[in-house]
Amino acid sequence: LFALSLRLKPGVPADHLTEFEAAAKAAGRPLEEGLFANTVYDLSSGMGCSTVVVEKGRSDTGSPLFGRNFDWLPTKGITEHTLVAVFKPTGKRAFAVVTVSPIAGCISGMNDAGLAVSLNEIVLKYSGDKARFNWDGTPTMLAFRRVLEECKTVAEAEALLRGLKRTTAASLTACDKAGGAVFEMTPKSFVVRSPDHGVTCCTNHFVSDPLTVNRPCKRLPRLLELQQSDAKLGVDDVFARLGEVHQGSKTLQSM
C-alpha cells in the first residue's frame, strides 16, 4: 500500500505535500507513511458513517443542524490517535478537523466561515456509472480539505469538487449557514442530493440516479423517517436518531 500511495503523490496539492514532508522530517519518519495515512481512504475500505442535516426551517434552534456518526473498523490504539486538529494555513481559511493522527486531510471538519463537511465512504464497484479508479486524481481526504481551505458555502464546495479530478467514489455531506446537501461523486459522475422535508441523510450507498445500484442499507431507512414529517428537530433529536443507527464497536464517535 505504501507503493500505491506513492503512485498518488502527483495528485497531492503542492502545499499539502510540503506540509507532509516537513512533518516527516520533524518526526524522523518516512514520507511514505504520511502519504499512506492521507490516501488510506482511496486505497482501502472500512469506514462506515451516517449523517443527518436538518435545515433551519425544521430546526428548533433556528439554524441548521449537522449530525454525524464516524464509523471505522476498531483498531488498537485508534482512541489514542483521535484528536481535534486546528489548521491556520497562510492565505486560506482556518479550519478544524476531527481526525485520526497522522491524517491531515478531512474526514470531518468545519471552517471559519461555518462550512462543515464529512466523508461518507462509497465502494467504487457499487457505483452505477461503472467508473474506474483515477490514479491522476486528488486523494479524497485532501480534496475535502481543500473545500475547508477555500470555500465558504455549499455551492462553492460543489463548484470546487466538480472541477477536480476525483480518484474514487465518495459522498460528501456538506452544510453551511443556510443549509446542506449531499454530493454523490465518482471519477466521472457528480450528483447533488437536496433536502426532503428539510432533512438530508446519508450512509454508505449511492441512492440517486444514475449512481444507485439499489444495495440495501439497514441504517438509511431509519434516518429517512425524519423526512416523513414537518416536526421541529433539536440537537437531542439528531443525537438520538444517530444512536439508533450506531454500529457498536465500529462507531468511534458521534458529533
# chains A, B, ... in the order shown; residues from 1 in each chain; ligands from 1
$ closest_atom_pairs --of "region 135-194 of chain A" --to "region 66-77 of chain A" --cutoff "12 Å" --atoms "only C-alpha atoms" --output "JSON lines"
{"residue": "A:Leu172", "atom": "CA", "partner": "A:Arg68", "partner_atom": "CA", "distance": 11.7}
{"residue": "A:Thr173", "atom": "CA", "partner": "A:Phe66", "partner_atom": "CA", "distance": 9.1}
{"residue": "A:Ala174", "atom": "CA", "partner": "A:Phe66", "partner_atom": "CA", "distance": 8.5}
{"residue": "A:Cys175", "atom": "CA", "partner": "A:Phe66", "partner_atom": "CA", "distance": 7.0}
{"residue": "A:Asp176", "atom": "CA", "partner": "A:Phe66", "partner_atom": "CA", "distance": 9.5}
{"residue": "A:Lys177", "atom": "CA", "partner": "A:Phe66", "partner_atom": "CA", "distance": 10.7}
{"residue": "A:Ala178", "atom": "CA", "partner": "A:Phe66", "partner_atom": "CA", "distance": 11.8}
{"residue": "A:Gly179", "atom": "CA", "partner": "A:Phe66", "partner_atom": "CA", "distance": 9.2}
{"residue": "A:Gly180", "atom": "CA", "partner": "A:Phe66", "partner_atom": "CA", "distance": 8.4}
{"residue": "A:Ala181", "atom": "CA", "partner": "A:Phe66", "partner_atom": "CA", "distance": 10.6}
{"residue": "A:Val182", "atom": "CA", "partner": "A:Phe66", "partner_atom": "CA", "distance": 11.8}
$ residues_around --residues "Ala159 (chain A)" --least-positions-apart "5" --cutoff "12 Å" --atoms "only C-alpha atoms" --output "PyMOL selection string"
chain A and resi 146-147+150-154+164+183+190-192
$ residues_around --residues "region 51-61 of chain A" --least-positions-apart "6" --cutoff "6 Å" --atoms "only C-alpha atoms" --output "list in words"
Gly67, Arg68, Gly179, Gly198, Val199, Thr200, Cys201, Cys202, Lys232, Leu233 and Gly234 of chain A
$ write_last_selection --atoms "N, CA, C and O atoms" --output "compact mmCIF listing (two decimals), in the first residue's frame"
# COMPACT_ATOMS: atom_id res chain seq x y z
N GLY A 67 -25.48 16.40 12.11
CA GLY A 67 -25.06 15.29 12.98
C GLY A 67 -24.37 14.21 12.19
O GLY A 67 -24.69 13.98 11.03
N ARG A 68 -23.42 13.52 12.86
CA ARG A 68 -22.64 12.53 12.13
C ARG A 68 -22.09 11.46 13.06
O ARG A 68 -21.54 11.76 14.12
N GLY A 179 -27.89 25.92 4.99
CA GLY A 179 -28.42 24.56 4.90
C GLY A 179 -27.44 23.62 4.25
O GLY A 179 -26.27 23.96 4.07
N GLY A 198 -36.91 19.24 4.55
CA GLY A 198 -35.97 19.91 5.43
C GLY A 198 -34.90 19.05 6.04
O GLY A 198 -34.20 19.48 6.97
N VAL A 199 -34.73 17.82 5.53
CA VAL A 199 -33.72 16.92 6.09
C VAL A 199 -32.98 16.21 4.95
O VAL A 199 -33.58 15.80 3.96
N THR A 200 -31.67 16.10 5.11
CA THR A 200 -30.84 15.33 4.18
C THR A 200 -30.11 14.25 4.98
O THR A 200 -29.57 14.53 6.06
N CYS A 201 -30.10 13.02 4.47
CA CYS A 201 -29.47 11.89 5.18
C CYS A 201 -28.53 11.16 4.24
O CYS A 201 -28.74 11.11 3.02
N CYS A 202 -27.51 10.55 4.82
CA CYS A 202 -26.55 9.79 4.01
C CYS A 202 -25.93 8.68 4.84
O CYS A 202 -25.64 8.88 6.03
N LYS A 232 -40.42 19.93 14.28
CA LYS A 232 -39.15 20.55 14.58
C LYS A 232 -38.21 19.54 15.23
O LYS A 232 -38.65 18.67 15.99
N LEU A 233 -36.94 19.67 14.94
CA LEU A 233 -35.93 18.77 15.48
C LEU A 233 -34.86 19.58 16.19
O LEU A 233 -34.47 20.66 15.74
N GLY A 234 -34.37 19.03 17.30
CA GLY A 234 -33.30 19.68 18.05
C GLY A 234 -32.05 18.82 18.08
O GLY A 234 -32.00 17.73 17.51
$ closest_residue --among "A:Arg145, A:Arg132, A:Arg241, A:His81" --to "Thr167 (chain A)" --atoms "only C-alpha atoms"
A:Arg132
$ atom_distance --atom1 "CA of Ile103 (chain A)" --atom2 "CA of Thr140 (chain A)"
11.9 Å
$ residues_around --residues "Lys92 (chain A)" --least-positions-apart "4" --cutoff "9 Å" --atoms "only C-alpha atoms" --output "PyMOL selection string"
chain A and resi 88+148-150
$ write_last_selection --atoms "N, CA and C atoms" --output "PDB file, in the first residue's frame"
ATOM      1  N   LYS A  88      -4.334  26.703  10.424  1.00  0.00           N
ATOM      2  CA  LYS A  88      -4.441  28.106  10.024  1.00  0.00           C
ATOM      3  C   LYS A  88      -3.480  28.359   8.864  1.00  0.00           C
ATOM      4  N   LEU A 148     -12.521  22.933   2.790  1.00  0.00           N
ATOM      5  CA  LEU A 148     -12.484  23.734   4.010  1.00  0.00           C
ATOM      6  C   LEU A 148     -11.531  24.909   3.883  1.00  0.00           C
ATOM      7  N   GLU A 149     -10.442  24.724   3.153  1.00  0.00           N
ATOM      8  CA  GLU A 149      -9.448  25.791   2.997  1.00  0.00           C
ATOM      9  C   GLU A 149      -9.917  26.907   2.078  1.00  0.00           C
ATOM     10  N   GLU A 150     -10.772  26.588   1.110  1.00  0.00           N
ATOM     11  CA  GLU A 150     -11.041  27.534   0.033  1.00  0.00           C
ATOM     12  C   GLU A 150     -12.490  27.967  -0.103  1.00  0.00           C
TER      13      GLU A 150
END
$ closest_residue --among "A:Leu242, A:Glu158, A:Ser127, A:Thr251" --to "Pro210 (chain A)" --atoms "only C-alpha atoms"
A:Ser127
$ atom_distance --atom1 "CA of Thr39 (chain A)" --atom2 "CA of Leu161 (chain A)"
17.0 Å
$ closest_residue --among "A:Gly11, A:Pro30, A:Gly46, A:Gly109" --to "Val84 (chain A)" --atoms "only C-alpha atoms"
A:Gly109
$ select_by_dssp --residues "region 42-126 of chain A" --states "strand (DSSP E or B)" --output "VMD selection string"
chain A and resid 50 to 54 59 65 to 71 82 to 87 95 to 100 108 to 111 116 to 121
$ write_last_selection --atoms "C-alpha atoms" --output "mmCIF file, in the first residue's frame"
data_model
loop_
_atom_site.group_PDB
_atom_site.id
_atom_site.type_symbol
_atom_site.label_atom_id
_atom_site.label_comp_id
_atom_site.auth_asym_id
_atom_site.auth_seq_id
_atom_site.Cartn_x
_atom_site.Cartn_y
_atom_site.Cartn_z
ATOM 1 C CA SER A 50 -24.181 8.108 8.992
ATOM 2 C CA THR A 51 -25.030 11.790 8.568
ATOM 3 C CA VAL A 52 -28.102 13.960 9.075
ATOM 4 C CA VAL A 53 -28.509 17.616 8.103
ATOM 5 C CA VAL A 54 -31.580 19.457 9.390
ATOM 6 C CA SER A 59 -34.580 23.064 13.416
ATOM 7 C CA LEU A 65 -28.074 21.122 12.498
ATOM 8 C CA PHE A 66 -25.444 18.671 11.252
ATOM 9 C CA GLY A 67 -25.061 15.295 12.981
ATOM 10 C CA ARG A 68 -22.637 12.532 12.127
ATOM 11 C CA ASN A 69 -21.582 9.066 13.298
ATOM 12 C CA PHE A 70 -17.975 8.268 12.415
ATOM 13 C CA ASP A 71 -17.745 4.517 11.821
ATOM 14 C CA THR A 82 -8.048 10.538 17.746
ATOM 15 C CA LEU A 83 -7.941 14.318 18.086
ATOM 16 C CA VAL A 84 -9.301 17.667 17.017
ATOM 17 C CA ALA A 85 -6.697 19.499 14.927
ATOM 18 C CA VAL A 86 -6.866 23.201 14.055
ATOM 19 C CA PHE A 87 -5.133 24.463 10.899
ATOM 20 C CA PHE A 95 -10.445 25.141 9.858
ATOM 21 C CA ALA A 96 -10.716 22.341 12.391
ATOM 22 C CA VAL A 97 -10.952 18.620 11.697
ATOM 23 C CA VAL A 98 -11.878 15.648 13.864
ATOM 24 C CA THR A 99 -9.262 13.186 12.714
ATOM 25 C CA VAL A 100 -7.018 10.233 13.458
ATOM 26 C CA SER A 108 -14.995 15.577 9.315
ATOM 27 C CA GLY A 109 -14.382 19.287 9.702
ATOM 28 C CA MET A 110 -15.606 22.875 9.841
ATOM 29 C CA ASN A 111 -14.012 26.124 8.727
ATOM 30 C CA ALA A 116 -18.959 21.897 7.729
ATOM 31 C CA VAL A 117 -18.307 18.701 5.749
ATOM 32 C CA SER A 118 -17.938 14.991 6.352
ATOM 33 C CA LEU A 119 -16.883 11.996 4.304
ATOM 34 C CA ASN A 120 -19.189 9.023 3.710
ATOM 35 C CA GLU A 121 -17.421 6.034 2.197
#
$ residues_around --residues "Phe2 (chain A)" --least-positions-apart "4" --cutoff "10 Å" --atoms "only C-alpha atoms" --output "PyMOL selection string"
chain A and resi 6-7+31-37+39-40+43
